[in-house]
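All remarks here apply to the structure that follows.
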Amino acid sequence: MELINKIPDGPLDQKWTKYKNTARLVNPANKRSIEVIVVGTGLAGSSAAASLAEMGYKVKALCFQDSPRRAHSIAAQGGINAAKNYMNDGDSTYRLFYDTIKGGDYRAREANVHRLAEVSANIIDQCVAQGVPFARDYGGLLDNRSFGGTQVSRTFYAKGQTGQQLLLGAYSAMSRQIGKGNIQLLNRHEMLDLVVVNGKARGIIARNLVTGAIERHSAHAVVLCTGGYGNVFFLSTNAMGSNVTAAWRAHKRGALMANPCFTQIHPTCIPVSGDHQSKLTLMSESLRNDGRIWVPKFKEDAEAIRAKRLKPTELTEDRRDYYLERRYPAFGNLVPRDVASRAAKERCDAGFGVNATGEAVYLDFASAFERYGKQQATVKGLHNATQEEIIALGKKVVEEKYGNLFQMYEQIVAENPYETPMMIYPAVHYTMGGLWVDYELMTTIPGCYAAGEANFSDHGANRLGASALMQGLADGYFVLPYTIGNYLADEIRTGKISTDTPEFEEAENRIKKQIEALTQNNGTTPVDHFHKKLGKIMWDYCGMARNEEGLKFAISEIQKIREDFYKNVRIPGAINGMNPELEKALRVADFLELGELMCKDALERNESCGGHFREEYQTEEGEAQRVDDVYNFVAAWEYSGNPSTPNLHKEALVYENIKVQSRSYK
Amino acid sequence: MENGMNLTLKVWRQQNAEAPGQMVEYKLGNVSPDMSFLEMMDVLNDELIRRGEDSIAFDHDCREGICGMCSMFINGEAHGPNRGVTTCQLHMRSFKDGDTIFIEPWRSAGFPVIKDLMVDRSAFDRIQQAGGFISVNTSGRTMDANAIPVPKSDADKAFDAATCIGCGACVASCPNGSAMLFVGAKVSQFALLPQGQPERKERVENMVKQMDAEGFGNCSNIGACEVQCPKSISIENIGRMNREYLAANLKP
């Protein structure tokens, strides 16, 4: 199979304009008889569904949640990047493009990323027109903040709830089209298969989660906006329901899966508290602006802290190791996510971790309290302020900036982070890999598209903060509406697609058989047992650090868990009704195949880049070492019929506008 | 955890919308105070499945208090005893060893039970579809975002109203089953912004009409909704909606 990425010719900054000028169009009368299915209603899905319906297509939108507004984009905290240059600090489309490619450790496509940067400004305009209440200055204009170590302030935000506000904006646009009858909403529906007829995506099989009915839905195109697959690790910052099923089923019907091993582990999450843990909670990256990260310098102190014989506040400065400041003096606590996460793991593995599990480091605001306190004392003219008064003033400033996060932390951990340092540890957060798509966001199955986190295209091997929201909305509002017409222009004579065909029947039977096999196996063990086992293997061997031996071991373990799962899983309840355990089982069945592919991909990539750190490929100082002359490609995996023997295809990455360099944060 | 709490749970079980439901008692031991309430439910479900019984269905997704999916009525209060949190943010340290905990679904004519603790809140979606939007199509040529300045205080108030997560705790807490805090929050968000002005009248009329059609009751100023709201949405949004509705219906 040859991967044709369809990138237009010409200079980088004119490719998208050229594409739009020459893409084929579908006239309004024909659009009315063309159907599009959009699966998932996060930022990419709801923006795509709304935009396509406004254009005149007949849209069906599916979500597994009870309402489209609940998709996990809602939980994004920090912000959304856009090259508006409102701050007059030298930002531009090119700089946003450059930062994104570099941040991705030179493993993303130039043309896609440049287009993303080009449309970023439109997103902000669109959202403001919809009534999204972004943060504003006293003059009434939009405010920006800096994020993730970039040198400009290009992040638009709505307190710590930017994802919520953006998603509700897209949801309102979508609701308007549902009200007009242009979108048919199928909530509490989960896609379980893609139906391919004569090589083209022609519909899906979905399960009505309330009635259990297996339904056939046909369309001229299917758009998968189904998010990332971080829940393969069981514990992640993803929502409980986030899953890979729709993408994975498309993969099994012929869509290639690209760079599946590229996973982002976010450095600042609340550590695991026990075996009962069901998910992990992120503490916004913005905290690293003011918090200093450390562990005890001496092992006996770390042991004493773990045994609760010693409090962190009792350790003097000379007994602390501010390891990020020590290793990366130039960037300190503000190194990119992948670097910060690995450094925390390194210290904890070496025995310096701090909570009962030994897997936590401190994020300490004591020096910020003092710094802000002194500032406030000066502003208020308190020249003889005592140390206590200064600290109290400083705490107030920190509370104004991060109060809701401190509160959230206290709620979960039951410790007051104003009095004792926060404990944090890295957690799985985002997956850069995903379905392989060309410049038009089409997968290798004609008529099947993937947008948002579900595709692989824009973030390379590491995503920058505040760029996920940007990509989801770019794909849904401003890319797909243009590119999908180029395909659908050939479909104007197709007419209504029948679901009464052998292909639909075969797909439906396949799903029914799988459900029967899972529910009639006389098993004894709940789904979560297998999911947790898989997650532990993935985290230990395909997490922040990977090596050949571990990956090979993980692959054989996953095969065993998969076999055990089908034999011993127990799903109570009826299949013809609401059955959350059955939903979970169908998702875990796919994670059990994806996990193996991720390990294979990590094993195949004999280099370290971005979030993919192979222990065999590091510099003397322990930094990631890329191998550009061999691995400067997208690894796109084809399903062979057996999850253990996928076929690898390579798309070479060509850099014409950026000089490929190695990242340094020293 | 060896020294965890022992609890008695009385949980509403109902097979489907048509079936009659009942409270069923379960004993659960070794509950860690560090568990979230939903993790406690996970442990109970794990035990039920291993015993060959059907697990308890409940809605949940993000488990960090923002998606609005979790919806349990715990000891007679929406989202349980704590203020400003959702069920998923409630931790077992809020309970004591030996406690009996009553767990029910949202109860309201507008929210029929689907199964056990899971209810159908699609009425909220239909209210949104009736008018909870600004009629602007996706366009590569909208005006620049900074073309319309919005006074910071208006923008902040609009934001506060917009933080509603649509969980339905307001309806579940209201003796009248009123959805006016939810609808008022959305009406307020747009009424406070310049972008919302052109459709101001139609919006409030259409949303209120749909709200009534869904069978939600009226506000009689009890205020339970504001107290139980996990996002502390202010009841002043109901006042603003009433004012908007009145203004929309006055003859010019």
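Chain labels follow the order of the structure tokens: the first chain is A, the next B, and so on; residue numbering restarts at 1 in every chain, and ligands are counted from 1 in their shown order.
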
**Message:** Show me, as a VMD selection string, the residues that have an atom within 8 Å of stretch 185-202 of chain A when counting only C-alpha atoms, minus same-chain residues fewer than 6 positions from it.
**Reply:** chain A and resid 39 60 to 68 178 208 to 210 218 to 222 245 to 246 249 to 250 253 445 to 448 497 503 to 504 507 511

**Request:** Enumerate as JSON, numbers by chain the residues belonging to chain A that approach chain B to within 6 Å, with only C-alpha atoms taken into account.
**Result:** {"A": [51, 70, 125, 128, 130, 133, 136, 138, 140, 141, 172, 175, 176, 179, 239, 240, 241, 572, 573]}

Output of the above residues as a PDB file, in the first residue's frame, restricted to C-alpha atoms:
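Heads up, here's the output in again_1.pdb:
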```pdb
ATOM      1  CA  SER A  51     -20.634  23.239  10.233  1.00  0.00           C
ATOM      2  CA  ARG A  70     -20.452  15.795  28.098  1.00  0.00           C
ATOM      3  CA  ASP A 125     -13.340  34.947  15.968  1.00  0.00           C
ATOM      4  CA  VAL A 128     -16.473  34.951  20.258  1.00  0.00           C
ATOM      5  CA  GLN A 130     -21.002  32.348  19.341  1.00  0.00           C
ATOM      6  CA  PRO A 133     -17.054  34.128  27.395  1.00  0.00           C
ATOM      7  CA  ARG A 136     -11.114  39.890  29.081  1.00  0.00           C
ATOM      8  CA  TYR A 138     -10.588  45.953  31.859  1.00  0.00           C
ATOM      9  CA  GLY A 140     -13.135  44.919  27.320  1.00  0.00           C
ATOM     10  CA  LEU A 141     -10.691  43.239  24.924  1.00  0.00           C
ATOM     11  CA  SER A 172     -24.890  25.366  21.022  1.00  0.00           C
ATOM     12  CA  SER A 175     -28.106  22.293  19.073  1.00  0.00           C
ATOM     13  CA  ARG A 176     -29.299  24.994  16.718  1.00  0.00           C
ATOM     14  CA  GLY A 179     -33.562  22.129  16.392  1.00  0.00           C
ATOM     15  CA  ALA A 239     -12.985  10.322  31.199  1.00  0.00           C
ATOM     16  CA  MET A 240     -14.063   6.827  32.224  1.00  0.00           C
ATOM     17  CA  GLY A 241     -15.880   6.265  28.950  1.00  0.00           C
ATOM     18  CA  PRO A 572     -24.046  -9.537  34.208  1.00  0.00           C
ATOM     19  CA  GLY A 573     -27.382  -8.163  33.073  1.00  0.00           C
TER      20      GLY A 573
END
```

**Item:** Option closest in space to A:Tyr322, from A:Gly291, A:Gly90, A:Ser457, A:Asp143 [counting only C-alpha atoms]
**Value:** A:Gly291

**Request:** Could you tell me how far atom CA of A:Met432 lies from atom CA of A:Thr483, in Å and to one decimal?
**Result:**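 Value for the atom CA of A:Met432-atom CA of A:Thr483 distance: 22.0 Å.
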
**Request:** Please return as a ChimeraX atom specification: the residues of stretch 118-217 of chain A that backbone DSSP assigns to strand (DSSP E or B).
**Result:** /A:136,142,145,155-156,183-186,189-197,200-208,214-217

**Request:** Give the helix (DSSP H, G or I) residues of stretch 98-209 of chain B, as DSSP finds them on the backbone, and put them as a PyMOL selection string.
**Result:** chain B and resi 122-131+145-147+152-162+169-173+180-191+194-196+200-209

Output file for the residues above (N, CA and C atoms, as a compact mmCIF listing (two decimals), in the first residue's frame):
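New file selection26.txt:
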```txt
# COMPACT_ATOMS: atom_id res chain seq x y z
N SER B 122 -32.52 14.23 28.56
CA SER B 122 -32.49 14.82 27.21
C SER B 122 -33.42 16.05 27.11
N ALA B 123 -34.31 16.22 28.08
CA ALA B 123 -35.13 17.44 28.09
C ALA B 123 -34.25 18.69 28.10
N PHE B 124 -33.13 18.62 28.82
CA PHE B 124 -32.21 19.76 28.86
C PHE B 124 -31.67 20.06 27.46
N ASP B 125 -31.35 19.01 26.72
CA ASP B 125 -30.84 19.21 25.35
C ASP B 125 -31.92 19.87 24.48
N ARG B 126 -33.16 19.43 24.65
CA ARG B 126 -34.23 20.01 23.82
C ARG B 126 -34.48 21.48 24.15
N ILE B 127 -34.27 21.84 25.41
CA ILE B 127 -34.41 23.27 25.76
C ILE B 127 -33.30 24.08 25.08
N GLN B 128 -32.11 23.52 25.07
CA GLN B 128 -30.99 24.19 24.36
C GLN B 128 -31.31 24.33 22.88
N GLN B 129 -31.87 23.27 22.32
CA GLN B 129 -32.15 23.29 20.88
C GLN B 129 -33.21 24.32 20.53
N ALA B 130 -34.06 24.63 21.50
CA ALA B 130 -35.13 25.60 21.25
C ALA B 130 -34.61 27.04 21.17
N GLY B 131 -33.45 27.30 21.77
CA GLY B 131 -32.99 28.69 21.71
C GLY B 131 -31.67 28.97 22.41
N ALA B 145 -12.29 39.10 16.57
CA ALA B 145 -12.80 38.85 17.93
C ALA B 145 -12.76 40.10 18.80
N ASN B 146 -11.81 40.99 18.53
CA ASN B 146 -11.71 42.20 19.36
C ASN B 146 -12.50 43.38 18.80
N ALA B 147 -13.32 43.13 17.77
CA ALA B 147 -14.09 44.23 17.19
C ALA B 147 -15.17 44.72 18.15
N LYS B 152 -15.59 44.09 31.22
CA LYS B 152 -15.11 42.93 31.97
C LYS B 152 -16.15 42.39 32.94
N SER B 153 -16.90 43.29 33.59
CA SER B 153 -17.86 42.80 34.58
C SER B 153 -18.97 42.00 33.90
N ASP B 154 -19.40 42.43 32.70
CA ASP B 154 -20.41 41.67 31.96
C ASP B 154 -19.85 40.32 31.52
N ALA B 155 -18.61 40.36 31.02
CA ALA B 155 -17.99 39.12 30.56
C ALA B 155 -17.85 38.14 31.71
N ASP B 156 -17.46 38.64 32.89
CA ASP B 156 -17.29 37.76 34.06
C ASP B 156 -18.63 37.18 34.51
N LYS B 157 -19.67 38.00 34.51
CA LYS B 157 -20.99 37.50 34.90
C LYS B 157 -21.50 36.46 33.90
N ALA B 158 -21.28 36.74 32.63
CA ALA B 158 -21.70 35.79 31.59
C ALA B 158 -20.96 34.48 31.78
N PHE B 159 -19.66 34.59 32.11
CA PHE B 159 -18.88 33.37 32.35
C PHE B 159 -19.42 32.59 33.54
N ASP B 160 -19.71 33.30 34.63
CA ASP B 160 -20.22 32.61 35.83
C ASP B 160 -21.49 31.84 35.50
N ALA B 161 -22.36 32.44 34.70
CA ALA B 161 -23.60 31.75 34.32
C ALA B 161 -23.28 30.56 33.41
N ALA B 162 -22.27 30.74 32.57
CA ALA B 162 -21.94 29.71 31.57
C ALA B 162 -21.22 28.51 32.17
N ALA B 169 -28.98 18.86 39.02
CA ALA B 169 -29.13 18.87 40.49
C ALA B 169 -30.18 19.88 40.91
N CYS B 170 -30.30 20.97 40.17
CA CYS B 170 -31.27 22.02 40.50
C CYS B 170 -32.69 21.47 40.42
N VAL B 171 -32.95 20.72 39.36
CA VAL B 171 -34.29 20.14 39.17
C VAL B 171 -34.57 19.12 40.27
N ALA B 172 -33.55 18.27 40.53
CA ALA B 172 -33.73 17.21 41.51
C ALA B 172 -33.95 17.76 42.91
N SER B 173 -33.38 18.94 43.20
CA SER B 173 -33.47 19.51 44.54
C SER B 173 -34.75 20.31 44.74
N MET B 180 -35.58 26.15 36.25
CA MET B 180 -35.34 27.57 35.95
C MET B 180 -33.91 28.02 36.23
N LEU B 181 -33.20 27.35 37.13
CA LEU B 181 -31.80 27.75 37.33
C LEU B 181 -30.98 27.39 36.09
N PHE B 182 -31.21 26.21 35.56
CA PHE B 182 -30.52 25.78 34.35
C PHE B 182 -30.84 26.70 33.17
N VAL B 183 -32.13 26.95 32.95
CA VAL B 183 -32.53 27.77 31.80
C VAL B 183 -32.10 29.22 32.02
N GLY B 184 -32.27 29.69 33.26
CA GLY B 184 -31.88 31.07 33.57
C GLY B 184 -30.40 31.32 33.35
N ALA B 185 -29.57 30.32 33.64
CA ALA B 185 -28.13 30.49 33.46
C ALA B 185 -27.80 30.68 31.98
N LYS B 186 -28.44 29.89 31.11
CA LYS B 186 -28.14 30.01 29.67
C LYS B 186 -28.71 31.32 29.11
N VAL B 187 -29.93 31.66 29.52
CA VAL B 187 -30.53 32.93 29.07
C VAL B 187 -29.64 34.09 29.51
N SER B 188 -29.15 34.03 30.75
CA SER B 188 -28.33 35.13 31.28
C SER B 188 -27.02 35.27 30.52
N GLN B 189 -26.37 34.14 30.25
CA GLN B 189 -25.08 34.20 29.55
C GLN B 189 -25.20 35.05 28.28
N PHE B 190 -26.22 34.78 27.50
CA PHE B 190 -26.35 35.49 26.22
C PHE B 190 -26.96 36.88 26.38
N ALA B 191 -27.84 37.04 27.39
CA ALA B 191 -28.46 38.37 27.60
C ALA B 191 -27.41 39.38 28.03
N PRO B 194 -23.05 41.36 24.18
CA PRO B 194 -23.55 42.08 23.00
C PRO B 194 -23.94 41.13 21.86
N GLN B 195 -23.22 39.99 21.75
CA GLN B 195 -23.53 39.05 20.67
C GLN B 195 -24.93 38.47 20.82
N GLY B 196 -25.45 38.47 22.03
CA GLY B 196 -26.73 37.83 22.28
C GLY B 196 -27.93 38.74 22.06
N ARG B 200 -32.49 38.26 21.57
CA ARG B 200 -32.76 38.25 23.01
C ARG B 200 -34.20 37.83 23.35
N LYS B 201 -35.17 38.43 22.63
CA LYS B 201 -36.58 38.15 22.94
C LYS B 201 -36.96 36.72 22.57
N GLU B 202 -36.66 36.35 21.34
CA GLU B 202 -37.06 35.02 20.86
C GLU B 202 -36.41 33.93 21.72
N ARG B 203 -35.17 34.18 22.11
CA ARG B 203 -34.45 33.16 22.86
C ARG B 203 -35.18 32.81 24.15
N VAL B 204 -35.47 33.83 24.94
CA VAL B 204 -36.08 33.54 26.24
C VAL B 204 -37.48 32.95 26.06
N GLU B 205 -38.20 33.45 25.08
CA GLU B 205 -39.55 32.92 24.85
C GLU B 205 -39.50 31.45 24.44
N ASN B 206 -38.64 31.14 23.50
CA ASN B 206 -38.58 29.76 23.00
C ASN B 206 -38.07 28.78 24.05
N MET B 207 -37.07 29.22 24.81
CA MET B 207 -36.53 28.31 25.82
C MET B 207 -37.54 28.05 26.93
N VAL B 208 -38.23 29.11 27.35
CA VAL B 208 -39.23 28.94 28.42
C VAL B 208 -40.38 28.06 27.92
N LYS B 209 -40.78 28.28 26.67
CA LYS B 209 -41.86 27.46 26.11
C LYS B 209 -41.49 25.97 26.14
```

**Fill in**
Of A:Ser47, A:Ser286, A:Ser608, A:Asn112, the one sitting nearest A:Met174 when using only C-alpha atoms is A:Ser47
